[in-house]
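Visitor: Input: one structure, supplied below.
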Amino acid sequence: MIYQFISPDIWKKKVMIRFIFSIFTLLSFQSTIAQNLETKINMVPSNWNYSKEATFEKFDNRETVLLNNGRITVKNHKFENGIIEVDVLANGSRSFAGITFRKQNENMEEVYMRLHKSNQVDAVQYTPIFNNESNWQLYKEYQALVSFKKIGWNNLRVEVKNKVADVFVNGKKILTINELKTNQDRGEIGLFALFSNRFSNFKITTTNLLEQKIVDNDISTNSSIINKWLVTKSKLYNEEKFNYKSLYNEDYVEIKTERSGLLPISKHIKKSSSGNFEQNKEEYVITQKNIHVDSDQIKLFSFDYSDKIIVYLNGSPIFKGNNAFRSKGLQYQGHIDINSNKLYLNLKKGNNTLHCIIIDKANGWGLIGKLD
């Protein structure tokens, strides 16, 4: 048997190293627990940023807030990743009730229940809010059929993981948002109601995920999709006074589309009238696409838009359309699809210019197109 002699100094150093390692491990574990701690935000005025749209009161043996046409946010709280949930009182009247998160000024993510739409395909919707404008018409893939409780409370839960969010209603997963549309990875958190809804039991659980900076979507690899447009500033629209001769005299800036080819105009252009849904005034931008061909030819332009459009080719009008919410009936939503409209463009040899006048009131200001 061989005995190894360890000096007292070395032994003390080893003990100290093990002690420090144990403390570090314990602190790391406690930090992880702290960052995953569920926090209940009581429905009392001192916890919320609000104005006259909110009334805090006891109801059904709960602390509640009755929210009428507006948004409120939690005081002194910034949210990045985690779980947000709230109970909403059953409501058969036309109303919208939801959660906003990563709010920075007038831009945010929003998920809401349309409680009067129980058992319909658009009972729950997601929309990014750009410059105080909802954009649900542009993202028809992010809605879901849900059967709401007619009595009692419906629970809405959103689990946010970097650019992805899963949505649950009454414990059942009903929707995955695989690409949150703002470029914000952190911001305020709160509640949203259109018309009147009562909320209770608001909870936040933060999660410790690896940092992942949210960036603009990659450009489409489909060469036929138009992935850049020249766009003007927004102006109030008056059909009688609109001067088509100004098409070539405007100041334009180049804007990239999302990977799908969608140009969400409100994300880049701020209106003078926003946030009032169909009570907004109509505003317009002019978009421009330069097309160069080596010989006279015909190209197929497939496109869609919201709300209205006038298309010009080389200064001549060739199409006018209206795709606004309820423009073709009470149930017409005005969603957009790149294959909804088709025009054959008679292009001359050399440079050609395609202009699209995009006119909008609310619910999604957008353009999408491709050239085949």
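Identifiers in the structure tokens: chain A, B, ... in order shown; residue index from 1 per chain; ligand index from 1 in order shown.
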Would you kindly return, as a list in words, each protein, DNA or RNA residue with an atom no farther than 9 Å from any atom of Ile225 (chain A), considering only C-alpha atoms and excluding same-chain residues fewer than 3 positions away?
Guide: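 What passes the distance filter is Ser220, Thr221, Asn222, Ser260, Gly261, Ile368, Gly369, Lys370, Leu371 and Asp372 of chain A.
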Visitor: Write out as a ChimeraX atom specification the set of residues from region 213-300 of chain A that DSSP, computed on the backbone, places in strand (DSSP E or B).
Guide: /A:225,228-231,235-236,253-256,263-264,283-293,297-300
Visitor: Name the residues of region 45-216 of chain A that come out as helix (DSSP H, G or I) in a backbone DSSP run; write them as a list in words.
Guide: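 The helix (DSSP H, G or I) subset of region 45-216 of chain A is Pro45, Ser46, Asn47, Leu115, His116, Lys117, Trp136, Gln137 and Leu138 of chain A.
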Visitor: Sorted by chain and rising residue number, list the residues of region 187-257 of chain A at most 8 Å from region 309-315 of chain A (counting only C-alpha atoms), each with its closest atom pair and distance in Å to one decimal, as CSV.
Guide:
residue,atom,partner,partner_atom,distance
A:Tyr244,CA,A:Gly315,CA,7.7
A:Lys245,CA,A:Gly315,CA,7.7
A:Leu247,CA,A:Gly315,CA,7.7
Visitor: Could you check which of A:Ile265, A:Ile336, A:Met43, A:Ile291 is closest to Ile226 (chain A), using only C-alpha atoms?
Guide: A:Ile291
Visitor: Would you please work out which residue, of A:Thr206, A:Thr176, A:Asn280, A:Ser246, is nearest to His77 (chain A) when using only C-alpha atoms?
Guide: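 Smallest distance to His77 (chain A) is found for A:Thr206.
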Visitor: My list of candidates is A:His292, A:Lys271, A:Arg102, A:Arg259. Which is closest to Lys233 (chain A) when distances are computed with only C-alpha atoms?
Guide: A:Lys271
Visitor: Quote the spacing between CA of Arg326 (chain A) and CA of Val169 (chain A) in Å to one decimal place.
Guide: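 For CA of Arg326 (chain A) relative to CA of Val169 (chain A), the distance reads 27.5 Å.
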Visitor: I'd like the contact shell of Gly98 (chain A) - 9 Å cut-off, only C-alpha atoms, skipping same-chain residues fewer than 3 positions apart - returned as a PyMOL selection string.
Guide: chain A and resi 86+88+110-114+156+190-193
